[in-house]
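A.B. asks: Before anything else, here's the structure in question.
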Amino acid sequence: MSEQDETPGYRLRKELPDEVPVTASAEETAEQPAEPVLTGRQRLAQGLWPPRVSRAQLIVALLLFGLGFGLAVQVASNSDSGNALRGARQEDLVRILDELDDRSQRLEDEKQGLEKQRQELENSSDQAEEARKQTVEKEKQLGILAGTVAAQGPGITMTIGDTKGTVRADMLLDAIQELRAAGAEAIQVNDVRVVAGTFLTDSGKSVSVDGNKINTPFRFKVIGNPQDLEPALNIPGGVVQTLEKEQATVTVERSDKIVVDALRAAKQPDYARSSTR
């Protein structure tokens with residue numbers, strides 16, 4: 001017998017049986033189902049849903065939504081502004097372009113005329129006499145614009161029939177503004193001379209011009225280039241179409257001689273005085 005066998009601790013371990021690992025019974029194994037193996041797509045879905053949104057992310061999302069909505073509204077409004085011309089015929093678009101070219105040409109002619117007057121005044125040997133002539137001519141022109149003198153020349157006559165009382169003051173004002181933009185130099189509505197300070201108001205079923213009530217039919221006598229005035233009234237969505245939508249009748253006639261003889265009294269300014277400076 002060795003010294004190792006004589007050791008009490010060693011004898012005790014030798015007499016004990018070997019440890020047996022504990023194994024689960026078949027019933028317990030059957031009761032515990034195996035965990036399913038998730039695919040990559042399922043793991044991605046679990047990571048995304050339910051969403052975990054912080055307060056800062058929510059605020060940024062709301063700001064981006066508001067910005068996108070504003071841009072969409074702006075684009076829609078810009079698109080609606082071109083609807084009036086989108087459905088126009090090719091000849092109407094050509095006529096509009098011609099009218100714009102005519103307006104540009106008129107402005108260029110006016111500019112050249114003013115430059116010519118300046119050169120004549122500078123180059124004239126008798127500058128005082130030349131200045132007097134230009135002053136007299138300018139006085140006549142201003143008298144026509146102010147309505148203090150009668151005028152005649154080529155132009156158009158526009159007659160608006162309104163049997164149902166649907167034509168309002170703002171519609172006639174639009175017609176005046178369109179005529180002015182087309183180069184009208186003198187305008188008379190019925191028996192009232194239209195000037196820079198003219199105002200129109202509704203008066204019952206009729207219209208008043210500078211406080212003077214006018215009745216249908218409304219007759220516009222306009223001096224200017226007929227080739228510019230008539231197309232300006234007949235552009236798509238313009239004066240004629242607007243009035244016809246209100247069931248009014250509109251006739252436009254060209255003439256080589258239009259007489260505008262309604263006069264306005266010259267108004268003396270209360271405070272303004274001429275100055276040499």
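Convention: chains lettered A, B, ... in structure tokens order; per-chain residue numbering from 1; ligands numbered from 1 as shown.
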Return as a PyMOL selection string the full set of residues in stretch 70-230 of chain A whose backbone-based DSSP assignment is strand (DSSP E).
C.D. replies: chain A and resi 151-161+186-189+192-194+200-203+206-209+212-214+218-223
A.B. asks: Save out the residues we just selected, C-alpha atoms, as an mmCIF file, in the first residue's frame.
C.D. replies:
```cif
data_model
loop_
_atom_site.group_PDB
_atom_site.id
_atom_site.type_symbol
_atom_site.label_atom_id
_atom_site.label_comp_id
_atom_site.auth_asym_id
_atom_site.auth_seq_id
_atom_site.Cartn_x
_atom_site.Cartn_y
_atom_site.Cartn_z
ATOM 1 C CA ALA A 151 -58.523 116.574 -79.614
ATOM 2 C CA GLN A 152 -58.974 114.633 -82.800
ATOM 3 C CA GLY A 153 -57.124 111.893 -84.621
ATOM 4 C CA PRO A 154 -57.289 108.218 -85.536
ATOM 5 C CA GLY A 155 -58.579 105.770 -82.991
ATOM 6 C CA ILE A 156 -61.453 103.491 -82.079
ATOM 7 C CA THR A 157 -64.969 103.634 -80.731
ATOM 8 C CA MET A 158 -65.975 100.935 -78.241
ATOM 9 C CA THR A 159 -69.649 100.530 -77.340
ATOM 10 C CA ILE A 160 -70.682 98.373 -74.377
ATOM 11 C CA GLY A 161 -74.323 97.318 -74.172
ATOM 12 C CA ALA A 186 -57.279 110.870 -75.242
ATOM 13 C CA ILE A 187 -60.325 109.019 -73.874
ATOM 14 C CA GLN A 188 -63.929 110.070 -73.485
ATOM 15 C CA VAL A 189 -66.638 107.914 -71.885
ATOM 16 C CA VAL A 192 -67.047 112.696 -69.568
ATOM 17 C CA ARG A 193 -63.389 113.310 -70.400
ATOM 18 C CA VAL A 194 -61.036 110.770 -68.825
ATOM 19 C CA LEU A 200 -65.173 105.423 -61.322
ATOM 20 C CA THR A 201 -67.758 104.278 -58.787
ATOM 21 C CA ASP A 202 -70.881 102.145 -58.855
ATOM 22 C CA SER A 203 -74.087 104.167 -58.760
ATOM 23 C CA SER A 206 -75.215 102.320 -63.330
ATOM 24 C CA VAL A 207 -71.708 103.810 -63.083
ATOM 25 C CA SER A 208 -70.420 107.267 -62.199
ATOM 26 C CA VAL A 209 -67.289 108.780 -63.736
ATOM 27 C CA ASN A 212 -71.078 112.127 -63.245
ATOM 28 C CA LYS A 213 -73.591 109.335 -63.683
ATOM 29 C CA ILE A 214 -73.456 107.671 -67.097
ATOM 30 C CA PHE A 218 -71.224 102.987 -72.438
ATOM 31 C CA ARG A 219 -69.489 104.614 -75.384
ATOM 32 C CA PHE A 220 -65.699 104.973 -75.367
ATOM 33 C CA LYS A 221 -64.108 107.369 -77.856
ATOM 34 C CA VAL A 222 -60.368 106.770 -77.880
ATOM 35 C CA ILE A 223 -57.612 108.504 -79.870
#
```
A.B. asks: With only C-alpha atoms as the counted atoms, please give the residues lying no more than 10 Å from A:Ala265, apart from itself and same-chain residues fewer than 3 positions off, as number ranges by chain.
C.D. replies: A: 146-149, 268
A.B. asks: Just the number, please: distance in Å from atom CA of A:Val239 to atom CA of A:Ala262, one decimal.
C.D. replies: 23.8 Å
A.B. asks: Using only C-alpha atoms, can you tell me which of A:Asp270, A:Glu185, A:Asp210, A:Glu129 comes closest to A:Gly197?
C.D. replies: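 Closest to A:Gly197, using only C-alpha atoms: A:Asp210.
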A.B. asks: Mind running stretch 215-241 of chain A against stretch 97-105 of chain A at 12 Å and telling me each contacting residue's nearest atom pair with the distance in Å (one decimal), counting only C-alpha atoms, chain and number ascending, as JSON lines?
C.D. replies:
```
{"residue": "A:Asn225", "atom": "CA", "partner": "A:Asp102", "partner_atom": "CA", "distance": 10.1}
{"residue": "A:Pro226", "atom": "CA", "partner": "A:Glu99", "partner_atom": "CA", "distance": 11.6}
{"residue": "A:Gln227", "atom": "CA", "partner": "A:Glu99", "partner_atom": "CA", "distance": 8.9}
{"residue": "A:Asp228", "atom": "CA", "partner": "A:Glu99", "partner_atom": "CA", "distance": 6.4}
{"residue": "A:Leu229", "atom": "CA", "partner": "A:Glu99", "partner_atom": "CA", "distance": 9.0}
{"residue": "A:Glu230", "atom": "CA", "partner": "A:Glu99", "partner_atom": "CA", "distance": 10.1}
{"residue": "A:Pro231", "atom": "CA", "partner": "A:Glu99", "partner_atom": "CA", "distance": 7.3}
{"residue": "A:Ala232", "atom": "CA", "partner": "A:Glu99", "partner_atom": "CA", "distance": 7.0}
{"residue": "A:Leu233", "atom": "CA", "partner": "A:Glu99", "partner_atom": "CA", "distance": 10.7}
{"residue": "A:Asn234", "atom": "CA", "partner": "A:Glu99", "partner_atom": "CA", "distance": 11.1}
{"residue": "A:Ile235", "atom": "CA", "partner": "A:Glu99", "partner_atom": "CA", "distance": 9.5}
```
A.B. asks: As an exercise, work out the distance from atom CA of A:Thr251 to atom CA of A:Thr198 in Å and give it to one decimal place.
C.D. replies: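 Spanning atom CA of A:Thr251 to atom CA of A:Thr198 is a straight-line distance of 23.5 Å.
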A.B. asks: Nearest residue to A:Leu114 out of A:Tyr271, A:Thr216, A:Gln42, A:Gln134, using only C-alpha atoms?
C.D. replies: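 Nearest candidate to A:Leu114 out of A:Tyr271, A:Thr216, A:Gln42, A:Gln134: A:Gln134.
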A.B. asks: Name the residues in contact with A:Ala175 at a cut-off of 9 Å, using only C-alpha atoms, excluding same-chain residues fewer than 2 positions from it; report them as a list in words.
C.D. replies: Asp170, Met171, Leu172, Leu173, Gln177, Glu178, Leu179, Arg180, Leu233, Gly238, Val239 and Val240 of chain A
A.B. asks: Only all heavy atoms, please: the residues just picked out, written as a compact mmCIF listing (two decimals), in the first residue's frame.
C.D. replies:
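result_2.txt written:
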```txt
# COMPACT_ATOMS: atom_id res chain seq x y z
N ASP A 170 -65.48 98.69 -61.84
CA ASP A 170 -64.13 98.14 -61.96
C ASP A 170 -63.88 97.57 -63.35
O ASP A 170 -62.73 97.58 -63.84
CB ASP A 170 -63.89 97.07 -60.90
CG ASP A 170 -64.89 95.93 -60.98
OD1 ASP A 170 -66.00 96.14 -61.50
OD2 ASP A 170 -64.56 94.81 -60.53
N MET A 171 -64.91 97.08 -64.03
CA MET A 171 -64.74 96.56 -65.38
C MET A 171 -64.43 97.69 -66.37
O MET A 171 -63.57 97.55 -67.24
CB MET A 171 -66.00 95.81 -65.82
CG MET A 171 -66.35 94.63 -64.93
SD MET A 171 -67.90 93.85 -65.43
CE MET A 171 -68.12 92.68 -64.09
N LEU A 172 -65.14 98.82 -66.22
CA LEU A 172 -64.85 99.97 -67.08
C LEU A 172 -63.47 100.55 -66.78
O LEU A 172 -62.77 101.01 -67.69
CB LEU A 172 -65.93 101.04 -66.90
CG LEU A 172 -67.36 100.62 -67.25
CD1 LEU A 172 -68.30 101.80 -67.09
CD2 LEU A 172 -67.44 100.06 -68.66
N LEU A 173 -63.08 100.51 -65.52
CA LEU A 173 -61.75 100.99 -65.15
C LEU A 173 -60.67 100.11 -65.78
O LEU A 173 -59.63 100.62 -66.25
CB LEU A 173 -61.59 101.03 -63.64
CG LEU A 173 -60.24 101.51 -63.11
CD1 LEU A 173 -59.95 102.93 -63.58
CD2 LEU A 173 -60.20 101.43 -61.58
N GLN A 177 -57.64 101.35 -68.25
CA GLN A 177 -56.24 101.04 -67.99
C GLN A 177 -55.61 100.29 -69.16
O GLN A 177 -54.46 100.54 -69.55
CB GLN A 177 -56.11 100.22 -66.70
CG GLN A 177 -56.61 100.92 -65.45
CD GLN A 177 -55.68 102.04 -65.00
OE1 GLN A 177 -54.87 102.55 -65.75
NE2 GLN A 177 -55.82 102.45 -63.75
N GLU A 178 -56.37 99.37 -69.75
CA GLU A 178 -55.84 98.62 -70.89
C GLU A 178 -55.63 99.53 -72.10
O GLU A 178 -54.64 99.40 -72.82
CB GLU A 178 -56.82 97.49 -71.24
CG GLU A 178 -56.25 96.47 -72.23
CD GLU A 178 -55.07 95.72 -71.64
OE1 GLU A 178 -55.14 95.33 -70.46
OE2 GLU A 178 -54.06 95.54 -72.37
N LEU A 179 -56.55 100.47 -72.30
CA LEU A 179 -56.40 101.42 -73.41
C LEU A 179 -55.20 102.33 -73.18
O LEU A 179 -54.45 102.63 -74.12
CB LEU A 179 -57.68 102.24 -73.55
CG LEU A 179 -58.90 101.47 -74.07
CD1 LEU A 179 -60.16 102.31 -73.92
CD2 LEU A 179 -58.70 101.08 -75.54
N ARG A 180 -55.01 102.78 -71.97
CA ARG A 180 -53.84 103.61 -71.68
C ARG A 180 -52.54 102.85 -71.93
O ARG A 180 -51.58 103.39 -72.48
CB ARG A 180 -53.91 104.10 -70.23
CG ARG A 180 -54.89 105.24 -70.00
CD ARG A 180 -55.01 105.55 -68.53
NE ARG A 180 -55.79 106.77 -68.28
CZ ARG A 180 -56.20 107.15 -67.08
NH1 ARG A 180 -55.93 106.39 -66.02
NH2 ARG A 180 -56.90 108.26 -66.94
N LEU A 233 -57.72 95.16 -76.54
CA LEU A 233 -59.02 94.86 -75.93
C LEU A 233 -59.45 93.43 -76.17
O LEU A 233 -60.24 92.88 -75.40
CB LEU A 233 -60.09 95.81 -76.48
CG LEU A 233 -59.89 97.30 -76.20
CD1 LEU A 233 -60.93 98.12 -76.95
CD2 LEU A 233 -59.96 97.59 -74.70
N GLY A 238 -59.00 89.22 -71.79
CA GLY A 238 -58.94 90.67 -71.67
C GLY A 238 -60.30 91.30 -71.45
O GLY A 238 -61.25 90.67 -70.97
N VAL A 239 -60.39 92.58 -71.85
CA VAL A 239 -61.58 93.38 -71.56
C VAL A 239 -62.82 92.81 -72.23
O VAL A 239 -63.87 92.62 -71.60
CB VAL A 239 -61.34 94.83 -72.00
CG1 VAL A 239 -62.62 95.65 -71.84
CG2 VAL A 239 -60.21 95.45 -71.18
N VAL A 240 -62.72 92.52 -73.52
CA VAL A 240 -63.90 92.07 -74.27
C VAL A 240 -64.42 90.74 -73.72
O VAL A 240 -65.62 90.58 -73.48
CB VAL A 240 -63.57 91.95 -75.77
CG1 VAL A 240 -64.74 91.34 -76.52
CG2 VAL A 240 -63.25 93.33 -76.35
```
A.B. asks: Pull the alpha helix (DSSP H) assignments for stretch 169-234 of chain A out of DSSP run on the backbone, and list those residues as a PyMOL selection string.
C.D. replies: chain A and resi 169-181+226-233
A.B. asks: Using only C-alpha atoms, please write the residues we just selected to a file, as a tab-separated table (two decimals), in the first residue's frame.
C.D. replies:
```tsv
chain	number	residue	atom	x	y	z
A	169	ALA	CA	-67.22	100.31	-62.36
A	170	ASP	CA	-64.13	98.14	-61.96
A	171	MET	CA	-64.74	96.56	-65.38
A	172	LEU	CA	-64.85	99.97	-67.08
A	173	LEU	CA	-61.75	100.99	-65.15
A	174	ASP	CA	-59.94	97.90	-66.45
A	175	ALA	CA	-60.90	98.94	-69.98
A	176	ILE	CA	-59.47	102.43	-69.43
A	177	GLN	CA	-56.24	101.04	-67.99
A	178	GLU	CA	-55.84	98.62	-70.89
A	179	LEU	CA	-56.40	101.42	-73.41
A	180	ARG	CA	-53.84	103.61	-71.68
A	181	ALA	CA	-51.32	100.80	-71.70
A	226	PRO	CA	-56.12	101.65	-83.92
A	227	GLN	CA	-53.78	98.75	-84.70
A	228	ASP	CA	-52.62	98.84	-81.09
A	229	LEU	CA	-55.88	99.70	-79.32
A	230	GLU	CA	-58.20	97.07	-80.78
A	231	PRO	CA	-55.92	94.03	-80.24
A	232	ALA	CA	-55.31	95.15	-76.65
A	233	LEU	CA	-59.02	94.86	-75.93
```
A.B. asks: Go ahead and compute the interatomic distance for atom CA of A:Asn123 and atom CA of A:Thr135, in Å to one decimal.
C.D. replies: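 Computing the Euclidean distance for atom CA of A:Asn123 and atom CA of A:Thr135 yields 16.7 Å.
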